[in-house]
file structure.txt (compact mmCIF, C-alpha atoms)
# COMPACT_ATOMS: atom_id res chain seq x y z
CA MET H 25 -9.54 -141.50 270.99
CA THR H 26 -12.01 -138.94 269.74
CA GLU H 27 -11.53 -135.26 269.21
CA HIS H 28 -14.24 -134.35 271.74
CA HIS H 29 -11.91 -135.07 274.62
CA LEU H 30 -9.14 -132.87 273.35
CA PRO H 31 -8.62 -129.60 275.15
CA PRO H 32 -9.03 -126.45 273.06
CA HIS H 33 -6.19 -125.14 270.91
CA ALA H 34 -5.35 -128.40 269.26
CA PRO H 35 -2.52 -127.65 266.83
CA SER H 36 -3.79 -126.85 263.37
CA GLU H 37 -2.90 -129.02 260.43
CA GLU H 38 -0.87 -126.17 258.94
CA GLU H 39 1.21 -126.04 262.10
CA LEU H 40 1.83 -129.77 261.98
CA HIS H 41 3.03 -129.50 258.37
CA ALA H 42 5.27 -126.56 259.21
CA LEU H 43 6.77 -128.47 262.11
CA ALA H 44 7.34 -131.62 260.06
CA ASP H 45 8.93 -129.59 257.25
CA GLY H 46 11.10 -127.50 259.57
CA ARG H 47 9.43 -124.30 258.42
CA MET H 48 8.95 -122.79 261.86
CA ALA H 49 11.09 -120.42 263.85
CA PRO H 50 12.78 -122.37 266.67
CA TRP H 51 10.79 -120.60 269.38
CA ALA H 52 7.52 -121.28 267.59
CA ALA H 53 8.46 -124.92 267.10
CA ASP H 54 9.25 -125.23 270.81
CA ALA H 55 5.94 -123.66 271.76
CA LEU H 56 4.12 -125.98 269.44
CA ARG H 57 5.87 -129.04 270.85
CA GLN H 58 4.78 -128.02 274.33
CA GLN H 59 1.27 -127.51 273.12
CA MET H 60 1.37 -130.96 271.54
CA ALA H 61 2.29 -132.62 274.81
CA GLY H 62 -1.39 -133.19 275.44
CA HIS H 63 -2.05 -134.37 271.90
CA PRO H 64 -0.42 -137.71 271.27
CA ALA H 65 -2.18 -138.07 267.94
CA SER H 66 -0.65 -134.81 266.69
CA ARG H 67 2.76 -135.94 267.84
CA GLU H 68 2.34 -139.19 266.03
CA THR H 69 1.23 -137.42 262.87
CA VAL H 70 4.22 -135.10 262.87
CA ALA H 71 6.58 -137.99 263.51
CA ALA H 72 5.07 -139.98 260.65
CA TRP H 73 5.21 -137.03 258.27
CA ARG H 74 8.75 -136.28 259.20
CA ALA H 75 9.76 -139.89 258.66
CA GLN H 76 8.03 -139.81 255.31
CA ARG H 77 9.84 -136.63 254.36
CA GLU H 78 13.18 -138.13 255.28
CA ALA H 79 12.39 -141.34 253.42
CA LEU H 80 11.55 -139.41 250.25
CA ARG H 81 14.65 -137.27 250.49
CA ALA H 82 16.84 -140.29 251.14
CA ARG H 83 15.26 -142.26 248.32
CA TYR H 84 15.71 -139.63 245.61
CA ALA H 85 18.65 -137.62 246.89
CA ASP H 86 21.15 -139.20 244.51
CA VAL H 87 18.73 -140.24 241.82
CA PRO H 88 19.67 -140.40 239.05
CA GLY H 89 23.30 -140.73 239.88
CA ASP H 90 24.72 -140.88 236.37
CA ALA H 91 26.30 -138.00 234.52
CA LEU H 92 24.14 -135.42 232.82
CA PRO H 93 23.14 -136.51 229.32
CA ALA H 94 24.94 -134.66 226.54
CA SER H 95 21.59 -133.44 225.21
CA PHE H 96 21.01 -131.52 228.46
CA LEU H 97 24.34 -129.79 228.19
CA HIS H 98 23.65 -128.99 224.58
CA ALA H 99 20.28 -127.47 225.47
CA ALA H 100 21.84 -125.43 228.27
CA GLN H 101 24.40 -124.12 225.79
CA GLN H 102 21.64 -123.18 223.36
CA ILE H 103 19.88 -121.19 226.06
CA GLU H 104 23.06 -119.30 226.76
CA ASP H 105 23.68 -118.70 223.07
CA SER H 106 20.26 -117.29 222.38
CA HIS H 107 20.56 -115.10 225.45
CA ALA H 108 23.96 -113.78 224.44
CA GLN H 109 22.78 -113.16 220.91
CA ARG H 110 19.92 -111.11 222.18
CA ALA H 111 22.11 -109.09 224.54
CA GLN H 112 24.49 -108.34 221.70
CA TRP H 113 21.72 -107.07 219.50
CA TRP H 114 20.57 -104.76 222.26
CA ARG H 115 24.04 -103.27 222.53
CA TRP H 116 24.30 -102.72 218.84
CA GLY H 117 20.83 -101.28 218.75
CA GLY H 118 22.00 -97.87 219.84
CA ILE H 119 24.77 -97.69 217.31
CA ALA H 120 23.86 -99.58 214.21
CA ALA H 121 21.12 -98.82 211.77
CA SER H 122 17.98 -99.05 213.80
CA VAL H 123 15.99 -100.38 210.92
CA LEU H 124 18.26 -103.39 210.79
CA VAL H 125 17.68 -104.00 214.47
CA ALA H 126 13.98 -103.76 213.93
CA PHE H 127 14.23 -106.37 211.24
CA VAL H 128 16.31 -108.73 213.30
CA LEU H 129 14.13 -108.45 216.36
CA GLY H 130 11.03 -109.09 214.36
CA TRP H 131 12.68 -112.06 212.78
CA THR H 132 14.07 -113.39 216.04
CA GLY H 133 10.67 -114.20 217.22
CA ASN H 134 8.44 -113.20 220.04
CA ALA H 135 5.77 -111.00 218.65
CA LEU H 136 5.28 -108.47 221.40
CA TRP H 137 8.92 -107.99 222.12
CA GLY H 138 9.83 -107.81 218.49
CA THR H 139 7.31 -105.27 217.42
CA GLY H 140 7.57 -103.30 220.64
CA ALA H 141 11.28 -102.86 220.26
CA SER H 142 11.09 -102.10 216.60
CA THR H 143 8.65 -99.27 217.19
CA ALA H 144 11.02 -97.62 219.58
CA LEU H 145 14.02 -98.06 217.34
CA ALA H 146 12.76 -97.67 213.83
CA THR H 147 13.22 -94.10 212.82
CA GLY H 148 14.40 -94.79 209.31
CA SER H 149 11.33 -94.57 207.18
CA PRO H 150 8.09 -93.05 208.38
CA VAL H 151 6.19 -95.45 206.17
CA ARG H 152 7.89 -98.48 207.63
CA SER H 153 7.48 -97.08 211.10
CA PHE H 154 3.79 -96.71 210.33
CA ALA H 155 3.58 -100.35 209.27
CA GLN H 156 5.37 -101.47 212.40
CA GLN H 157 3.08 -99.47 214.64
CA ALA H 158 0.17 -101.06 212.86
CA ALA H 159 1.60 -104.51 213.52
CA LEU H 160 2.18 -103.64 217.17
CA ALA H 161 -1.37 -102.35 217.61
CA HIS H 162 -2.63 -105.50 215.95
CA VAL H 163 -0.70 -107.77 218.28
CA VAL H 164 -1.72 -105.81 221.36
CA TYR H 165 -5.46 -105.73 220.75
CA LEU H 166 -5.96 -108.96 218.84
CA PRO H 167 -6.15 -111.26 221.87
CA GLU H 168 -8.43 -108.93 223.83
CA VAL H 169 -11.58 -110.77 224.72
CA ARG H 170 -13.47 -108.20 226.74
CA HIS H 171 -12.22 -104.91 225.33
CA PRO H 172 -10.97 -105.46 221.80
CA VAL H 173 -12.36 -102.07 220.78
CA GLU H 174 -13.25 -98.77 222.40
CA VAL H 175 -16.41 -98.22 220.42
CA PRO H 176 -18.32 -101.28 219.22
CA ALA H 177 -19.72 -101.75 215.74
CA ALA H 178 -23.24 -101.17 217.05
CA GLN H 179 -22.34 -97.49 217.29
CA GLN H 180 -20.69 -97.37 213.89
CA ASP H 181 -21.92 -93.87 212.98
CA HIS H 182 -20.61 -92.45 216.21
CA LEU H 183 -17.37 -94.38 215.79
CA VAL H 184 -16.75 -93.01 212.29
CA GLN H 185 -17.65 -89.47 213.28
CA TRP H 186 -15.46 -89.54 216.32
CA LEU H 187 -12.41 -91.02 214.63
CA SER H 188 -12.83 -88.76 211.58
CA LYS H 189 -12.77 -85.77 213.89
CA ARG H 190 -9.71 -86.98 215.75
CA LEU H 191 -7.78 -87.93 212.63
CA GLY H 192 -8.78 -84.75 210.88
CA ARG H 193 -10.21 -86.29 207.76
CA PRO H 194 -13.42 -88.05 206.87
CA LEU H 195 -13.02 -91.77 207.39
CA LYS H 196 -15.00 -94.59 205.96
CA VAL H 197 -15.23 -98.08 207.35
CA PRO H 198 -14.81 -100.60 204.54
CA ASN H 199 -17.40 -103.30 204.24
CA LEU H 200 -15.69 -106.70 204.25
CA SER H 201 -18.78 -108.86 204.68
CA SER H 202 -18.37 -110.28 201.20
CA GLN H 203 -15.07 -111.70 202.48
CA GLY H 204 -16.84 -112.98 205.57
CA TYR H 205 -15.56 -110.32 207.97
CA GLU H 206 -17.80 -108.12 210.10
CA LEU H 207 -16.81 -104.98 211.94
CA VAL H 208 -16.15 -105.49 215.68
CA GLY H 209 -15.46 -101.82 216.36
CA GLY H 210 -12.63 -99.37 216.55
CA ARG H 211 -10.28 -97.47 218.76
CA LEU H 212 -8.11 -94.37 218.80
CA LEU H 213 -4.33 -94.78 219.11
CA PRO H 214 -1.35 -92.45 219.28
CA GLY H 215 1.04 -92.39 216.32
CA ASP H 216 4.10 -90.51 215.12
CA ALA H 217 2.05 -87.84 213.43
CA GLY H 218 -0.87 -87.59 215.81
CA ALA H 219 -3.91 -89.75 216.10
CA ARG H 220 -4.29 -93.11 214.42
CA ALA H 221 -7.33 -95.33 214.25
CA GLN H 222 -7.74 -99.07 214.33
CA PHE H 223 -10.77 -100.93 213.07
CA MET H 224 -11.14 -104.56 213.98
CA PHE H 225 -12.99 -107.14 211.93
CA GLN H 226 -13.79 -110.71 212.75
CA ASN H 227 -15.10 -113.64 210.74
CA ALA H 228 -17.37 -116.48 211.79
CA GLY H 229 -14.35 -118.57 212.73
CA GLY H 230 -13.20 -115.91 215.22
CA GLU H 231 -10.27 -114.90 213.01
CA ARG H 232 -9.52 -111.21 213.45
CA VAL H 233 -7.94 -108.68 211.14
CA THR H 234 -7.28 -105.05 211.89
CA LEU H 235 -7.15 -102.03 209.64
CA TYR H 236 -4.86 -99.35 210.97
CA LEU H 237 -4.91 -95.92 209.46
CA GLY H 238 -3.66 -92.41 209.96
CA ALA H 239 -1.41 -89.70 208.60
CA VAL H 240 2.12 -90.87 207.89
CA ASN H 241 4.75 -88.71 209.55
CA ALA H 242 4.84 -85.92 207.00
CA SER H 243 7.22 -83.65 208.88
CA ALA H 244 10.07 -86.15 208.78
CA LYS H 245 10.78 -86.35 205.10
CA VAL H 246 8.34 -84.69 202.84
CA GLY H 247 8.76 -86.52 199.60
CA ALA H 248 6.73 -88.17 196.97
CA SER H 249 7.63 -91.57 198.37
CA ASN H 250 5.75 -90.83 201.57
CA GLN H 251 2.71 -89.50 199.82
CA GLU H 252 1.86 -92.54 197.84
CA THR H 253 3.15 -96.09 197.73
CA ALA H 254 2.20 -99.41 196.26
CA PHE H 255 1.03 -102.29 198.40
CA ARG H 256 3.88 -103.57 200.51
CA PHE H 257 4.01 -106.70 202.55
CA LEU H 258 5.41 -106.76 206.08
CA ASP H 259 5.81 -110.07 207.83
CA ASP H 260 7.31 -110.06 211.30
CA GLY H 261 5.80 -113.39 212.18
CA ALA H 262 3.09 -112.40 214.60
CA ALA H 263 1.29 -109.82 212.53
CA PRO H 264 1.84 -110.07 208.81
CA GLY H 265 0.11 -107.37 206.83
CA PHE H 266 -0.14 -105.24 203.72
CA TYR H 267 0.35 -101.53 203.99
CA TRP H 268 0.19 -98.65 201.61
CA VAL H 269 0.05 -94.88 201.58
CA ASP H 270 -2.48 -92.87 199.67
CA GLN H 271 -2.32 -89.06 199.62
CA GLY H 272 -0.18 -88.95 202.74
CA PHE H 273 -2.54 -91.20 204.61
CA GLY H 274 -1.36 -94.66 205.60
CA TYR H 275 -3.33 -97.87 205.71
CA ALA H 276 -2.22 -101.21 207.09
CA LEU H 277 -4.24 -104.39 207.10
CA SER H 278 -2.87 -106.98 209.51
CA GLY H 279 -3.92 -110.48 210.31
CA LYS H 280 -2.49 -113.92 210.76
CA LEU H 281 -3.71 -115.12 207.38
CA PRO H 282 -2.05 -116.53 204.28
CA ARG H 283 -0.57 -113.83 202.13
CA ALA H 284 -3.12 -114.31 199.35
CA ALA H 285 -6.08 -113.99 201.72
CA LEU H 286 -4.59 -110.84 203.22
CA LEU H 287 -4.03 -109.40 199.78
CA ALA H 288 -7.65 -110.03 198.83
CA LEU H 289 -8.83 -108.20 201.95
CA ALA H 290 -6.38 -105.34 201.44
CA THR H 291 -7.56 -104.96 197.85
CA ALA H 292 -11.17 -104.84 199.01
CA VAL H 293 -10.27 -102.15 201.52
CA TYR H 294 -8.31 -100.17 198.96
CA GLN H 295 -11.13 -100.23 196.44
CA GLN H 296 -13.64 -98.94 198.96
CA LEU H 297 -11.60 -96.11 200.39
CA MET O 14 21.06 -116.69 231.87
CA ASN O 15 24.20 -118.63 231.17
CA ARG O 16 25.05 -122.25 230.76
CA ALA O 17 26.43 -122.68 234.26
CA GLN O 18 23.30 -121.26 235.89
CA VAL O 19 21.15 -123.69 233.98
CA ILE O 20 23.39 -126.69 234.60
CA GLU O 21 23.36 -125.92 238.28
CA GLN O 22 19.60 -126.52 238.27
CA LEU O 23 19.73 -129.79 236.35
CA PRO O 24 20.29 -132.28 239.20
CA GLY O 25 17.31 -130.86 241.10
CA LEU O 26 15.09 -130.90 238.03
CA ARG O 27 16.11 -134.46 237.22
CA ARG O 28 15.62 -135.70 240.75
CA TYR O 29 12.20 -134.12 240.99
CA ALA O 30 11.22 -135.39 237.53
CA ARG O 31 12.38 -138.88 238.45
CA ALA O 32 10.27 -138.97 241.60
CA LEU O 33 7.34 -137.35 239.83
CA THR O 34 7.21 -139.64 236.80
CA GLY O 35 8.54 -142.79 238.44
CA GLU O 36 10.71 -143.63 235.41
CA SER O 37 14.22 -142.54 234.53
CA TRP O 38 13.52 -142.26 230.82
CA ALA O 39 10.32 -140.29 231.38
CA ALA O 40 12.16 -138.01 233.76
CA ASP O 41 14.94 -137.27 231.30
CA ASP O 42 12.41 -136.64 228.54
CA LEU O 43 10.64 -134.20 230.80
CA VAL O 44 13.86 -132.38 231.66
CA GLN O 45 14.83 -132.23 228.00
CA ASP O 46 11.43 -130.79 227.07
CA THR O 47 11.78 -128.27 229.87
CA LEU O 48 15.16 -127.11 228.60
CA GLU O 49 13.87 -126.78 225.08
CA ARG O 50 10.93 -124.76 226.32
CA ALA O 51 13.30 -122.60 228.32
CA CYS O 52 15.31 -122.00 225.18
CA THR O 53 12.33 -120.53 223.36
CA LYS O 54 10.74 -118.81 226.35
CA TRP O 55 13.76 -117.42 228.16
CA ARG O 56 12.70 -113.87 227.43
CA LEU O 57 9.87 -114.40 229.89
CA TRP O 58 12.34 -115.03 232.67
CA SER O 59 13.49 -111.77 234.21
CA ALA O 60 17.13 -111.81 235.19
CA GLY O 61 17.76 -111.86 238.92
CA THR O 62 14.56 -113.72 239.75
CA ASP O 63 14.46 -117.32 240.90
CA LEU O 64 15.64 -119.42 237.97
CA ARG O 65 14.83 -122.66 239.76
CA ALA O 66 11.21 -121.62 240.35
CA TRP O 67 10.87 -120.58 236.73
CA LEU O 68 12.25 -123.86 235.40
CA PHE O 69 10.02 -125.84 237.76
CA THR O 70 7.04 -123.86 236.52
CA LEU O 71 7.89 -124.72 232.93
CA MET O 72 8.38 -128.35 233.83
CA HIS O 73 5.13 -128.54 235.73
CA ASN O 74 3.17 -127.12 232.80
CA ILE O 75 4.77 -129.55 230.37
CA TYR O 76 4.05 -132.42 232.72
CA LEU O 77 0.39 -131.43 232.98
CA ASN O 78 0.12 -131.16 229.21
CA GLN O 79 1.64 -134.58 228.75
CA ARG O 80 -0.74 -136.14 231.22
CA ARG O 81 -3.79 -134.62 229.61
CA GLY O 82 -5.49 -137.43 227.79
CA MET O 83 -3.73 -140.12 229.77
CA VAL O 84 -5.81 -142.46 231.89
CA PRO O 85 -5.50 -141.42 235.52
CA VAL O 86 -4.27 -144.62 237.12
CA GLN O 87 -4.19 -143.17 240.58
CA ALA O 88 -7.81 -141.98 240.64
CA VAL O 89 -9.90 -143.53 243.38
CA VAL O 90 -8.61 -147.06 243.56
CA PRO O 91 -9.61 -148.59 246.88
CA LEU O 92 -6.64 -149.51 248.97
CA GLU O 93 -7.62 -153.16 249.13
CA ASP O 94 -7.53 -153.45 245.34
CA VAL O 95 -3.94 -152.37 245.03
CA GLN O 96 -2.60 -153.78 248.25
CA ALA O 97 -1.28 -156.90 246.57
CA GLU O 98 0.78 -155.04 243.98
CA LEU O 99 2.10 -152.47 246.41
CA ALA O 100 4.15 -154.89 248.42
CA GLY O 101 7.33 -156.14 246.85
CA PRO O 102 7.80 -159.83 246.15
CA ALA O 103 7.72 -161.84 249.36
CA GLY O 104 11.12 -162.24 250.97
CA SER O 105 12.77 -159.47 248.98
CA LEU O 106 11.24 -156.46 250.57
CA ASP O 107 12.61 -153.39 248.90
CA ASP O 108 11.68 -150.22 250.67
CA ALA O 109 12.82 -147.99 247.83
CA LEU O 110 10.68 -149.79 245.30
CA ASP O 111 7.73 -149.69 247.68
CA LEU O 112 8.14 -145.96 248.01
CA ASP O 113 8.31 -145.56 244.22
CA ARG O 114 5.18 -147.59 243.73
CA CYS O 115 3.23 -145.91 246.49
CA LEU O 116 4.25 -142.47 245.30
CA GLN O 117 2.90 -143.26 241.85
CA ARG O 118 -0.42 -144.15 243.45
CA LEU O 119 -0.95 -140.57 244.58
CA SER O 120 -2.71 -138.20 242.23
CA ALA O 121 -0.32 -136.15 240.11
CA ASP O 122 -1.40 -133.00 241.95
CA GLN O 123 -0.70 -134.52 245.35
CA ARG O 124 2.61 -135.96 244.22
CA ALA O 125 3.81 -132.64 242.84
CA VAL O 126 3.02 -130.77 246.05
CA LEU O 127 4.51 -133.43 248.30
CA LEU O 128 7.74 -133.66 246.30
CA MET O 129 8.26 -129.92 246.03
CA VAL O 130 7.77 -129.47 249.76
CA THR O 131 9.81 -132.45 250.92
CA LEU O 132 12.30 -133.51 248.27
CA GLU O 133 12.96 -129.99 246.97
CA ASP O 134 12.42 -128.33 250.34
CA MET O 135 10.42 -125.47 248.85
CA SER O 136 8.26 -123.19 250.95
CA TYR O 137 4.51 -123.57 250.71
CA GLU O 138 4.30 -120.16 249.07
CA ALA O 139 6.92 -121.01 246.45
CA THR O 140 5.16 -124.28 245.73
CA ALA O 141 1.85 -122.45 245.32
CA LYS O 142 3.43 -120.00 242.91
CA ILE O 143 5.00 -122.69 240.77
CA LEU O 144 1.82 -124.71 240.58
CA GLY O 145 -0.34 -121.64 240.11
CA ILE O 146 -2.67 -122.48 242.99
CA PRO O 147 -3.49 -120.77 246.32
CA THR O 148 -1.35 -121.65 249.33
CA GLY O 149 -4.45 -123.06 251.04
CA THR O 150 -4.77 -125.57 248.22
CA VAL O 151 -1.12 -126.53 248.66
CA MET O 152 -1.79 -127.25 252.32
CA SER O 153 -4.88 -129.36 251.68
CA ARG O 154 -3.15 -131.32 248.91
CA LEU O 155 -0.19 -131.83 251.17
CA SER O 156 -2.43 -133.22 253.91
CA ARG O 157 -4.11 -135.60 251.52
CA ALA O 158 -0.82 -136.65 249.95
CA ARG O 159 0.80 -137.36 253.29
CA GLU O 160 -2.08 -139.34 254.67
CA ARG O 161 -2.58 -141.29 251.48
CA LEU O 162 1.11 -142.12 251.19
CA ARG O 163 1.10 -143.19 254.81
CA GLU O 164 -1.82 -145.51 254.23
CA LEU O 165 -0.23 -146.93 251.12
CA MET O 166 3.11 -147.51 252.78
CA GLU O 167 1.42 -149.18 255.73
CA SER O 168 -0.42 -151.57 253.47
CA ALA O 169 2.78 -152.29 251.60
CA ALA O 170 4.64 -153.02 254.83
CA PRO O 171 4.60 -156.49 256.39
CA ALA O 172 1.50 -157.40 258.35
CA ALA O 173 3.19 -157.19 261.74
CA THR O 174 4.15 -153.52 261.43
CA GLN O 175 0.84 -152.82 259.88
CA ASN O 176 -1.05 -154.12 262.87
CA ALA O 177 1.09 -152.23 265.29
CA ASP O 178 0.41 -149.00 263.40
CA ARG O 179 -3.28 -149.60 263.27
CA ALA O 180 -3.47 -149.49 267.07
CA THR O 181 -3.29 -145.70 266.90
CA PRO O 182 -5.22 -144.45 263.92
CA PRO O 183 -3.89 -141.19 262.52
CA LEU O 184 -5.63 -138.12 263.82
CA LEU O 185 -6.12 -136.51 260.46
CA ARG O 186 -7.52 -139.31 258.43
CA ARG O 187 -11.07 -138.08 258.72
CA LEU O 188 -10.19 -134.67 257.32
CA LYS O 189 -10.03 -135.94 253.75
call {"tool": "encode", "arguments": {"input": "structure.txt", "output": "structure tokens"}}
result
Amino acid sequence: MTEHHLPPHAPSEEELHALADGRMAPWAADALRQQMAGHPASRETVAAWRAQREALRARYADVPGDALPASFLHAAQQIEDSHAQRAQWWRWGGIAASVLVAFVLGWTGNALWGTGASTALATGSPVRSFAQQAALAHVVYLPEVRHPVEVPAAQQDHLVQWLSKRLGRPLKVPNLSSQGYELVGGRLLPGDAGARAQFMFQNAGGERVTLYLGAVNASAKVGASNQETAFRFLDDGAAPGFYWVDQGFGYALSGKLPRAALLALATAVYQQL
Amino acid sequence: MNRAQVIEQLPGLRRYARALTGESWAADDLVQDTLERACTKWRLWSAGTDLRAWLFTLMHNIYLNQRRGMVPVQAVVPLEDVQAELAGPAGSLDDALDLDRCLQRLSADQRAVLLMVTLEDMSYEATAKILGIPTGTVMSRLSRARERLRELMESAAPAATQNADRATPPLLRRLK
């Protein structure tokens, strides 16, 4: 038999699958069966596929028949536990010290979730909140391939002018080429106390670090502690970084680097600014 | 996500893994890996959505990762070359073993689609979503899987049945 002799409207392959798998409305299946009356080959195909389907289902229906291994049950329990733990923390989040929640979420794991939640909840210290926002911005823009920055390094003068204007103080982009990092560009971000800026640097190995800077929420608690701090290290797993405050202006250098390497970069930044 | 919800999915996952890998131990390893992945990734599952589809997606990705680097045994082996090993030992024809063997001769992609659609009775759309491919690709893989399995089973079957079947060649064979 060749296809040339078949009348038009031979059932499509999709229809044959749907019929064999019982995925057709009864009326459509009936219509198709009528249509197939003149197509013995289609009928044979559907019958063979259906037999195959039944054979597979029969073969593996009760396989494997033994009881579930203890390790499966253990794993299922672990999933429930980690879920319950998380739900509990969310409930406490509204009541308990939000800074603690921020810590725990960061520690618990997933970078985006952790830092995202901590930003919303951390109202304790403006400086810490600044550092957390820096970490969040780092995690968000780090993996960007096409748009890591708003203004590329090629327009560095424009970038510095623009961000200086928006942040209300003259900015300077540190030169980290002696550490092997070149400027990729920068972007403007919202922060607690107005505009913040992020500069992104990248080395030859594609490793990226970001420098986040902006005024630290001065209206919250005006005190000496917010005006100037030493280097502090924040490590929430996804975006470890050093941050410090100088004359009410915060800086945070984030990157997934060993602590010593980060410190060297942060020191270079500090010395140049 | 609680323990009972997960346990409810285990027989299906095990059955599918068994048919997919062809070995009980490999299947249980795959299920165990899937559960461990689920334990670290459960935040990515949004409550109320299809837990089964999510677990199958995890399992499929792990399976693909495991196979990367393995020699594809099922590639383009001519039917004649494998015919001898497809049939069970003479006199002790075991249909189930034939089916196991033939199934393992399909490409992993074809096997996954065929098993999700038949054994797990998933819709073509759900299968496409789990495998991360267009529905059209599911349909074409399904066609190839079904025809290939049919050919393999026919060669594994005794000569008499084989000849009878050959009298009416399948319509869709040429569509490959």
call {"tool": "interface_residues", "arguments": {"input": "structure.txt", "of": "chain O", "to": "chain H", "cutoff": "7 Å", "atoms": "all atoms listed in the file", "output": "ChimeraX atom specification"}}
result
/O:14-16,19-20,28,32,45,48-49,52,109,131-132,152,159,183-184
call {"tool": "atom_distance", "arguments": {"input": "structure.txt", "atom1": "atom CA of Val151 of chain H", "atom2": "atom CA of Val175 of chain H"}}
result
26.9 Å
call {"tool": "closest_residue", "arguments": {"input": "structure.txt", "among": "O:Gln22, O:Ile143, O:Leu165, O:Ser37", "to": "Asp90 of chain H", "atoms": "all atoms listed in the file"}}
result
O:Ser37
call {"tool": "atom_distance", "arguments": {"input": "structure.txt", "atom1": "atom CA of Gln226 of chain H", "atom2": "atom CA of Tyr205 of chain H"}}
result
5.1 Å
call {"tool": "residues_around", "arguments": {"input": "structure.txt", "residues": "Leu289 of chain H", "least_positions_apart": "2", "cutoff": "12 Å", "atoms": "all atoms listed in the file", "output": "NGL selection string"}}
result
:H and (198-205 or 225 or 232-235 or 265-267 or 276-279 or 281-287 or 291-296)
call {"tool": "closest_residue", "arguments": {"input": "structure.txt", "among": "O:Ala40, O:Arg65, O:Ser156, O:Ser59", "to": "Glu133 of chain O", "atoms": "only C-alpha atoms"}}
result
O:Arg65
call {"tool": "atom_distance", "arguments": {"input": "structure.txt", "atom1": "atom CA of Val151 of chain O", "atom2": "atom CA of His33 of chain H"}}
result
22.9 Å
call {"tool": "residues_near_point", "arguments": {"input": "structure.txt", "point": "(4.3, -122.2, 235.7)", "cutoff": "12 Å", "atoms": "all atoms listed in the file", "output": "VMD selection string"}}
result
chain O and resid 47 50 to 51 54 57 to 58 64 to 78 139 to 146
call {"tool": "residues_near_point", "arguments": {"input": "structure.txt", "point": "(2.2, -112.4, 211.8)", "cutoff": "9 Å", "atoms": "only C-alpha atoms", "output": "ChimeraX atom specification"}}
result
/H:135,159,163,258-265,278-281
